[in-house]
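Chemist: Provided herewith: start-v8.cif, mmCIF, C-alpha atoms.
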data_my_file
loop_
_atom_site.label_atom_id
_atom_site.label_comp_id
_atom_site.auth_asym_id
_atom_site.auth_seq_id
_atom_site.Cartn_x
_atom_site.Cartn_y
_atom_site.Cartn_z
CA MET A 28 46.31 -53.86 -21.26
CA ALA A 29 44.55 -53.45 -24.57
CA HIS A 30 46.81 -53.75 -27.59
CA GLY A 31 45.23 -51.82 -30.45
CA THR A 32 46.18 -48.15 -30.49
CA GLY A 33 43.29 -46.09 -29.18
CA GLU A 34 41.60 -48.86 -27.22
CA ALA A 35 40.44 -47.17 -24.05
CA ARG A 36 38.82 -47.98 -20.75
CA ILE A 37 37.23 -45.74 -18.13
CA ARG A 38 36.64 -47.13 -14.64
CA VAL A 39 34.35 -45.61 -12.02
CA PRO A 40 33.22 -47.05 -8.66
CA ASP A 41 30.52 -49.77 -8.75
CA ARG A 42 28.36 -47.94 -6.25
CA ILE A 43 27.78 -44.22 -6.65
CA ALA A 44 25.38 -42.09 -4.61
CA GLN A 45 24.23 -38.70 -5.84
CA GLY A 46 26.67 -36.02 -4.73
CA ASP A 47 29.64 -38.34 -4.24
CA VAL A 48 33.00 -37.12 -5.43
CA ILE A 49 34.24 -40.20 -7.26
CA THR A 50 37.61 -41.12 -8.73
CA VAL A 51 37.68 -41.81 -12.44
CA ASN A 52 40.51 -43.97 -13.80
CA ALA A 53 41.18 -43.99 -17.51
CA ILE A 54 43.68 -45.71 -19.76
CA VAL A 55 44.22 -45.56 -23.51
CA SER A 56 46.54 -47.72 -25.55
CA HIS A 57 49.02 -45.49 -27.39
CA PRO A 58 52.78 -45.68 -28.12
CA MET A 59 53.44 -42.05 -27.10
CA ASP A 60 56.58 -41.97 -29.27
CA THR A 61 58.79 -38.98 -28.52
CA GLY A 62 60.50 -38.84 -31.91
CA PHE A 63 63.90 -39.29 -30.25
CA PHE A 64 64.20 -43.05 -30.72
CA ARG A 65 65.24 -45.17 -33.70
CA THR A 66 64.30 -48.68 -34.75
CA LYS A 67 66.84 -51.51 -34.57
CA ASP A 68 67.62 -50.76 -38.24
CA GLY A 69 68.41 -47.14 -37.41
CA ASP A 70 65.28 -45.57 -38.88
CA PRO A 71 63.92 -42.69 -36.83
CA ILE A 72 60.58 -43.36 -35.11
CA PRO A 73 58.49 -40.21 -35.68
CA ALA A 74 56.77 -38.46 -32.80
CA TYR A 75 53.33 -40.00 -32.29
CA PHE A 76 51.52 -39.06 -29.11
CA ILE A 77 48.24 -37.92 -27.59
CA ASN A 78 48.28 -34.15 -27.21
CA GLU A 79 44.76 -33.43 -26.01
CA VAL A 80 42.14 -35.14 -23.86
CA ILE A 81 38.62 -33.76 -23.50
CA VAL A 82 36.29 -34.91 -20.72
CA THR A 83 32.56 -34.24 -20.90
CA TYR A 84 29.82 -35.07 -18.39
CA GLY A 85 26.26 -34.96 -19.72
CA GLY A 86 27.61 -33.04 -22.71
CA ASP A 87 29.35 -30.31 -20.66
CA GLU A 88 33.12 -30.06 -20.91
CA ILE A 89 34.41 -30.51 -17.37
CA ALA A 90 38.13 -30.98 -18.01
CA ARG A 91 40.68 -30.74 -20.78
CA PHE A 92 44.23 -32.05 -20.66
CA GLU A 93 47.14 -30.76 -22.75
CA TRP A 94 49.75 -33.50 -23.11
CA THR A 95 53.16 -34.01 -24.70
CA SER A 96 55.10 -37.17 -25.48
CA GLY A 97 56.42 -36.87 -21.90
CA ILE A 98 53.34 -38.80 -20.74
CA SER A 99 54.23 -42.51 -20.47
CA ARG A 100 53.25 -45.12 -23.07
CA ASP A 101 49.63 -46.32 -22.73
CA PRO A 102 48.64 -43.16 -20.84
CA VAL A 103 46.78 -43.49 -17.58
CA VAL A 104 45.09 -40.60 -15.88
CA SER A 105 42.88 -40.40 -12.84
CA PHE A 106 40.81 -37.44 -11.72
CA THR A 107 37.74 -36.72 -9.63
CA LEU A 108 34.15 -36.01 -10.56
CA ARG A 109 31.24 -34.75 -8.50
CA ALA A 110 28.49 -37.18 -9.49
CA ASP A 111 25.55 -34.78 -9.24
CA ARG A 112 23.41 -36.26 -12.02
CA GLU A 113 22.95 -39.46 -14.00
CA ALA A 114 24.65 -38.83 -17.31
CA PRO A 115 27.37 -40.25 -19.53
CA LEU A 116 30.99 -39.37 -18.83
CA THR A 117 32.87 -39.27 -22.12
CA MET A 118 36.57 -38.95 -22.82
CA SER A 119 38.16 -38.19 -26.19
CA TRP A 120 41.88 -38.65 -26.67
CA LYS A 121 43.36 -36.88 -29.71
CA ASP A 122 46.82 -37.55 -31.12
CA ASN A 123 49.23 -35.49 -33.23
CA LYS A 124 48.38 -37.51 -36.37
CA GLY A 125 44.67 -36.71 -36.20
CA GLY A 126 43.57 -39.88 -34.43
CA VAL A 127 40.58 -39.45 -32.10
CA TYR A 128 39.66 -42.19 -29.65
CA THR A 129 36.48 -41.93 -27.59
CA GLN A 130 35.13 -43.93 -24.69
CA SER A 131 32.11 -43.41 -22.43
CA VAL A 132 30.81 -44.70 -19.15
CA ASN A 133 27.38 -44.07 -17.71
CA ILE A 134 27.27 -42.43 -14.29
CA ALA A 135 24.24 -44.03 -12.61
CA PHE A 136 23.23 -43.97 -8.94
CA THR A 137 22.74 -47.11 -6.90
CA ALA A 138 19.49 -47.28 -4.95
CA ALA A 139 20.04 -46.43 -1.27
CA MET B 4 109.36 6.64 -14.33
CA SER B 5 112.17 4.12 -14.30
CA GLU B 6 112.24 1.02 -16.42
CA HIS B 7 111.61 -0.98 -13.31
CA SER B 8 108.20 0.40 -12.56
CA GLU B 9 106.96 -0.51 -16.02
CA LEU B 10 106.48 -4.19 -15.32
CA PRO B 11 104.57 -3.87 -12.06
CA ARG B 12 102.41 -1.15 -13.59
CA ARG B 13 101.52 -3.27 -16.58
CA SER B 14 100.67 -6.23 -14.43
CA PHE B 15 98.61 -3.93 -12.20
CA LEU B 16 96.64 -2.83 -15.26
CA GLN B 17 96.21 -6.45 -16.29
CA VAL B 18 94.88 -7.27 -12.86
CA ILE B 19 92.42 -4.38 -13.10
CA ALA B 20 91.35 -5.53 -16.57
CA LEU B 21 90.85 -9.10 -15.40
CA ALA B 22 88.96 -7.99 -12.33
CA SER B 23 86.60 -5.80 -14.29
CA ALA B 24 86.02 -8.57 -16.80
CA GLY B 25 85.21 -10.85 -13.88
CA LEU B 26 82.90 -8.26 -12.38
CA ALA B 27 81.16 -7.78 -15.72
CA GLY B 28 80.74 -11.54 -15.97
CA SER B 29 79.28 -11.90 -12.51
CA ALA B 30 77.08 -8.85 -13.10
CA ALA B 31 75.71 -10.55 -16.21
CA LEU B 32 75.12 -13.73 -14.23
CA SER B 33 73.34 -11.98 -11.39
CA ARG B 34 71.35 -9.98 -13.92
CA SER B 35 70.06 -13.17 -15.51
CA GLY B 36 69.55 -14.57 -12.01
CA ARG B 37 67.46 -11.53 -11.11
CA LEU B 38 65.61 -11.79 -14.39
CA PHE B 39 64.67 -15.41 -13.75
CA GLY B 40 63.95 -14.55 -10.12
CA ALA B 41 61.62 -11.75 -11.13
CA ILE B 42 59.78 -14.07 -13.49
CA ALA B 43 59.50 -16.78 -10.89
CA ALA B 44 59.05 -14.53 -7.84
CA ALA B 45 60.50 -17.53 -6.06
CA GLY B 46 60.79 -17.99 -2.31
CA PRO B 47 64.19 -18.66 -0.73
CA ASP B 48 63.74 -22.45 -0.66
CA ASP B 49 62.21 -22.75 -4.11
CA PRO B 50 64.26 -24.30 -6.91
CA GLU B 51 65.88 -21.75 -9.20
CA ILE B 52 64.79 -21.37 -12.79
CA PRO B 53 67.44 -23.56 -14.45
CA ASN B 54 67.25 -22.66 -18.12
CA GLU B 55 65.74 -20.39 -20.73
CA GLU B 56 63.03 -22.93 -21.60
CA VAL B 57 61.61 -22.97 -18.07
CA ALA B 58 61.99 -19.16 -17.91
CA ARG B 59 59.97 -18.91 -21.14
CA ILE B 60 57.24 -21.15 -19.72
CA TYR B 61 57.07 -18.95 -16.62
CA ARG B 62 56.91 -15.77 -18.72
CA GLU B 63 54.27 -17.03 -21.13
CA ARG B 64 52.05 -18.86 -18.66
CA PHE B 65 52.41 -16.91 -15.41
CA GLY B 66 53.69 -13.45 -16.39
CA GLY B 67 55.41 -11.85 -13.43
CA ARG B 68 52.85 -13.05 -10.91
CA PRO B 69 54.07 -14.40 -7.56
CA ILE B 70 53.97 -18.16 -7.07
CA THR B 71 53.58 -19.38 -3.49
CA ARG B 72 54.62 -22.80 -2.29
CA ALA B 73 51.48 -23.84 -0.43
CA HIS B 74 48.14 -25.65 -0.86
CA VAL B 75 49.63 -28.14 -3.34
CA GLN B 76 51.04 -31.60 -2.78
CA LEU B 77 53.16 -33.07 -5.56
CA ASP B 78 53.79 -36.73 -4.78
CA MET B 79 56.53 -38.49 -6.71
CA PRO B 80 59.11 -41.10 -5.82
CA ALA B 81 62.41 -39.66 -4.53
CA VAL B 82 64.18 -42.16 -6.77
CA ALA B 83 62.78 -43.21 -10.16
CA GLU B 84 64.52 -46.36 -11.27
CA ASP B 85 62.86 -46.34 -14.68
CA GLY B 86 62.54 -42.88 -16.21
CA ARG B 87 59.99 -44.22 -18.70
CA ILE B 88 57.32 -44.65 -16.04
CA VAL B 89 57.37 -42.24 -13.12
CA PRO B 90 54.13 -41.89 -11.15
CA VAL B 91 52.84 -38.41 -10.34
CA ILE B 92 50.04 -37.45 -7.97
CA ILE B 93 48.95 -33.83 -7.62
CA GLU B 94 46.50 -32.90 -4.88
CA SER B 95 45.33 -29.65 -3.38
CA ASP B 96 43.07 -28.40 -0.60
CA LEU B 97 42.08 -25.35 -2.65
CA PRO B 98 38.31 -25.04 -3.11
CA MET B 99 36.56 -26.34 -6.22
CA THR B 100 33.35 -24.32 -6.01
CA ALA B 101 31.48 -22.28 -8.60
CA ASP B 102 33.13 -18.97 -7.55
CA ARG B 103 36.54 -20.24 -6.49
CA TYR B 104 38.33 -23.07 -8.21
CA VAL B 105 41.59 -24.23 -9.71
CA LYS B 106 41.35 -23.76 -13.45
CA GLY B 107 44.73 -25.16 -14.43
CA ILE B 108 47.54 -27.41 -13.27
CA HIS B 109 50.91 -27.09 -14.98
CA LEU B 110 53.35 -29.98 -14.66
CA ILE B 111 56.88 -28.84 -15.46
CA VAL B 112 59.94 -31.10 -15.59
CA ASP B 113 62.98 -28.80 -15.72
CA HIS B 114 65.37 -30.88 -17.82
CA ASN B 115 62.96 -32.80 -20.06
CA PRO B 116 62.86 -32.13 -23.82
CA ASP B 117 59.30 -30.79 -23.37
CA ALA B 118 59.66 -29.05 -20.03
CA HIS B 119 55.96 -28.13 -19.90
CA LEU B 120 55.00 -31.78 -19.81
CA ALA B 121 51.27 -31.45 -19.25
CA GLY B 122 48.49 -29.03 -18.45
CA PHE B 123 45.27 -30.15 -16.76
CA TYR B 124 42.44 -27.63 -17.13
CA LEU B 125 39.56 -28.15 -14.75
CA THR B 126 36.14 -26.86 -13.76
CA PRO B 127 34.26 -26.99 -10.43
CA ALA B 128 32.50 -30.15 -11.73
CA VAL B 129 35.47 -32.25 -10.59
CA GLY B 130 34.50 -31.47 -6.98
CA ARG B 131 37.98 -31.75 -5.48
CA LEU B 132 41.52 -31.61 -6.74
CA SER B 133 43.30 -34.90 -7.24
CA ILE B 134 45.02 -35.85 -10.49
CA SER B 135 47.42 -38.67 -11.18
CA THR B 136 49.30 -39.96 -14.20
CA ARG B 137 52.64 -41.46 -15.23
CA ILE B 138 55.40 -39.51 -16.95
CA LYS B 139 58.79 -39.91 -18.62
CA MET B 140 61.88 -38.28 -17.14
CA LYS B 141 65.19 -37.80 -18.91
CA ARG B 142 67.38 -37.23 -15.86
CA THR B 143 67.54 -36.15 -12.25
CA THR B 144 65.78 -32.81 -11.96
CA TRP B 145 63.19 -30.70 -10.19
CA VAL B 146 59.55 -31.25 -11.02
CA ARG B 147 57.05 -28.43 -10.52
CA ALA B 148 53.29 -28.54 -10.09
CA ILE B 149 51.92 -25.02 -10.47
CA LEU B 150 48.19 -24.40 -9.95
CA GLU B 151 46.32 -21.38 -11.24
CA THR B 152 43.00 -20.39 -9.71
CA ASN B 153 40.15 -18.72 -11.57
CA THR B 154 41.11 -15.49 -9.78
CA GLY B 155 44.68 -15.68 -11.06
CA GLU B 156 46.46 -16.84 -7.89
CA LEU B 157 49.38 -19.23 -8.37
CA TRP B 158 50.19 -22.00 -5.90
CA ALA B 159 52.89 -24.62 -6.26
CA ASP B 160 54.82 -27.56 -4.94
CA TYR B 161 58.22 -28.78 -6.10
CA THR B 162 60.04 -32.06 -5.72
CA ARG B 163 63.42 -33.28 -6.89
CA VAL B 164 63.41 -36.74 -8.45
CA LEU B 165 66.56 -38.80 -8.91
CA VAL B 166 66.40 -40.64 -12.24
CA THR B 167 68.67 -43.63 -12.84
CA LEU B 168 67.42 -44.73 -16.28
CA ASN B 169 66.76 -42.06 -18.93
CA GLY B 170 63.15 -42.40 -20.06
CA CYS B 171 63.23 -39.94 -22.95
CA GLY B 172 65.87 -41.37 -25.31
#
Kindly return the structure encoded in the file as C-alpha cells.
Modeler:
Amino acid sequence: MAHGTGEARIRVPDRIAQGDVITVNAIVSHPMDTGFFRTKDGDPIPAYFINEVIVTYGGDEIARFEWTSGISRDPVVSFTLRADREAPLTMSWKDNKGGVYTQSVNIAFTAA
Amino acid sequence: MSEHSELPRRSFLQVIALASAGLAGSAALSRSGRLFGAIAAAGPDDPEIPNEEVARIYRERFGGRPITRAHVQLDMPAVAEDGRIVPVIIESDLPMTADRYVKGIHLIVDHNPDAHLAGFYLTPAVGRLSISTRIKMKRTTWVRAILETNTGELWADYTRVLVTLNGCG
C-alpha cells in the first residue's frame, strides 16, 4: 500500500475488448479518521476523511460516491464500466479538509 | 358505603389508572412503530427501523415510497471479527440501460455513528451493477443496501452482521 495520503491507484484488466463490461479496482491512501479517537497523549484526532469521489470516462461523469468516515482506512472501491470507447478513466477523491487527489488510467482496446 | 369498601374501591381506581397509563404507553409505542413502518413500508421479514436517525434517512431519501426486498444482493460476512474492515459487495440484476437504470445505492448501517454510510450514484455507463468496498462497523446490527432506479422504484437487501471488535471508536 502507498503511504503518502492521497496516493492512488486504479487497476483495470490487461486485455479489454470494445464493449466489455470491466471491473475497475481503485485504492487511495487516506487515514479516514472518524473524529472519535484520541492519540496516546489524549489529544482528540479530528475527523479527516474522503467525502466525495467523482469518476469520469472520456470527460463524462459516470459515477459519484458520497462517503463518510465509515469507509475503512485506505479506501478501496470496485465498480464496473462498459468499455465502449478508448478514453481516460479518471477518479478524483475529495476530503473534508479540501484535499483533492486525482488518478487516471487509459482505457485502450487490445487488438483481436 | 361502608368504611370497608373504601380500600378495594381505591385500589380498583389505582388499577384502572395504571392500566390506562400502560395502554397510553403501548399506544405511543405502536404509534411510533406505525410511523416508522409507514416510512419504511417494510415487509413482514424486513428489519424494523431501529432509531430516529434511520427513520430520518428513510424520510429524507425515500419519502413514503415502498421498498421491496428483491433484485439486490448484499454480501457481507455473517461475523466480522474486526469492525474496522468489513467487506461489502452489492450486486443487482436490475437493468443498466439508457432508459432504465439504478441511479443510486444507499448503504445504511443501523447503529453506526453515521448510519447513512455511503451513497453510490451511477449512470448506465457502468454497464452492470456491482460495487464493493470495505466499511467500519461499531457493533452488531442490520446493514441495508437500498437501490433507487431512475423511475423512482426502491429495491433492497438486508443482512445482519455480528461485530466482535468495535471499528468506530
Chemist: I'd like the contact shell of Asn115 (chain B) - 8 Å cut-off, all atoms listed in the file, skipping same-chain residues fewer than 5 positions apart - returned as a VMD selection string.
Modeler: (chain A and resid 97) or (chain B and resid 140 to 142 171)
Chemist: Would you save the residues of that selection, restricted to C-alpha atoms, as a PDB file, in the coordinates of the input?
Modeler:
ATOM      1  CA  GLY A  97      56.420 -36.870 -21.900  1.00  0.00           C
TER       2      GLY A  97
ATOM      3  CA  MET B 140      61.880 -38.280 -17.140  1.00  0.00           C
ATOM      4  CA  LYS B 141      65.190 -37.800 -18.910  1.00  0.00           C
ATOM      5  CA  ARG B 142      67.380 -37.230 -15.860  1.00  0.00           C
ATOM      6  CA  CYS B 171      63.230 -39.940 -22.950  1.00  0.00           C
TER       7      CYS B 171
END
Chemist: Can you tell me how far CA of Ala114 (chain A) sits from CA of Asp87 (chain A), in Å to one decimal?
Modeler: 10.3 Å
Chemist: Residues near region 88-98 of chain B, anyone? I mean within 7 Å using all atoms listed in the file, not counting same-chain ones fewer than 3 positions away, as a VMD selection string.
Modeler: (chain A and resid 99) or (chain B and resid 74 to 79 83 85 103 to 104 132 to 139)
Chemist: The PyMOL selection byres ((chain A) within 7 of (chain B)) - which residues does that actually catch in the file I just gave you? List them as JSON, numbers by chain.
Modeler: {"A": [48, 63, 64, 89, 90, 91, 92, 93, 94, 95, 97, 98, 99, 103, 104, 105, 106, 107, 108, 109]}
Chemist: Provide the CA of Phe76 (chain A) to CA of Leu168 (chain B) distance in Å, to one decimal place.
Modeler: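 Distance reported for this atom pair: 21.2 Å.
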Chemist: Do you know which residues the PyMOL selection byres ((chain A and resi 130) around 9) returns on this file, as a PDB file with C-alpha atoms, in the coordinates of the input?
Modeler:
ATOM      1  CA  GLU A  34      41.600 -48.860 -27.220  1.00  0.00           C
ATOM      2  CA  ALA A  35      40.440 -47.170 -24.050  1.00  0.00           C
ATOM      3  CA  ARG A  36      38.820 -47.980 -20.750  1.00  0.00           C
ATOM      4  CA  ILE A  37      37.230 -45.740 -18.130  1.00  0.00           C
ATOM      5  CA  LEU A 116      30.990 -39.370 -18.830  1.00  0.00           C
ATOM      6  CA  THR A 117      32.870 -39.270 -22.120  1.00  0.00           C
ATOM      7  CA  MET A 118      36.570 -38.950 -22.820  1.00  0.00           C
ATOM      8  CA  SER A 119      38.160 -38.190 -26.190  1.00  0.00           C
ATOM      9  CA  TRP A 120      41.880 -38.650 -26.670  1.00  0.00           C
ATOM     10  CA  TYR A 128      39.660 -42.190 -29.650  1.00  0.00           C
ATOM     11  CA  THR A 129      36.480 -41.930 -27.590  1.00  0.00           C
ATOM     12  CA  SER A 131      32.110 -43.410 -22.430  1.00  0.00           C
ATOM     13  CA  VAL A 132      30.810 -44.700 -19.150  1.00  0.00           C
TER      14      VAL A 132
END
Chemist: In terms of the shortest atom-to-atom distance over all atoms listed in the file, which of A:Asp47, A:Asp101, A:Asp60, A:Asp68 is closest to Gly31 (chain A)?
Modeler: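 So, comparing all the options, the nearest one is A:Asp101.
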Chemist: One number please: CA of Pro53 (chain B) to CA of Glu79 (chain A), in Å, one decimal.
Modeler: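 Those two atoms sit 27.3 Å apart.
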Chemist: As a check of understanding, name the residues that the PyMOL selection byres ((chain B and resi 152) around 7) selects in the supplied structure, as a VMD selection string.
Modeler: chain B and resid 104 to 107 150 to 151 153 to 157
Chemist: Please write as a PyMOL selection string the list of polymer residues whose atoms come within 6 Å of (52.1, -22.6, -1.1), counting only C-alpha atoms and keeping to the coordinates of the file.
Modeler: chain B and resi 71-74+158-159
Chemist: Restricting the calculation to all atoms listed in the file: of A:Ile72, A:Ala110, A:Ile134, A:Ile77, which residue gets closest to Ser56 (chain A)?
Modeler: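 Among the listed residues, the smallest separation from Ser56 (chain A) belongs to A:Ile77.
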Chemist: When you count all atoms listed in the file, which of these residues is closest to Pro115 (chain A): A:Gly69, A:Pro58, A:Pro102, A:Gly85?
Modeler: A:Gly85
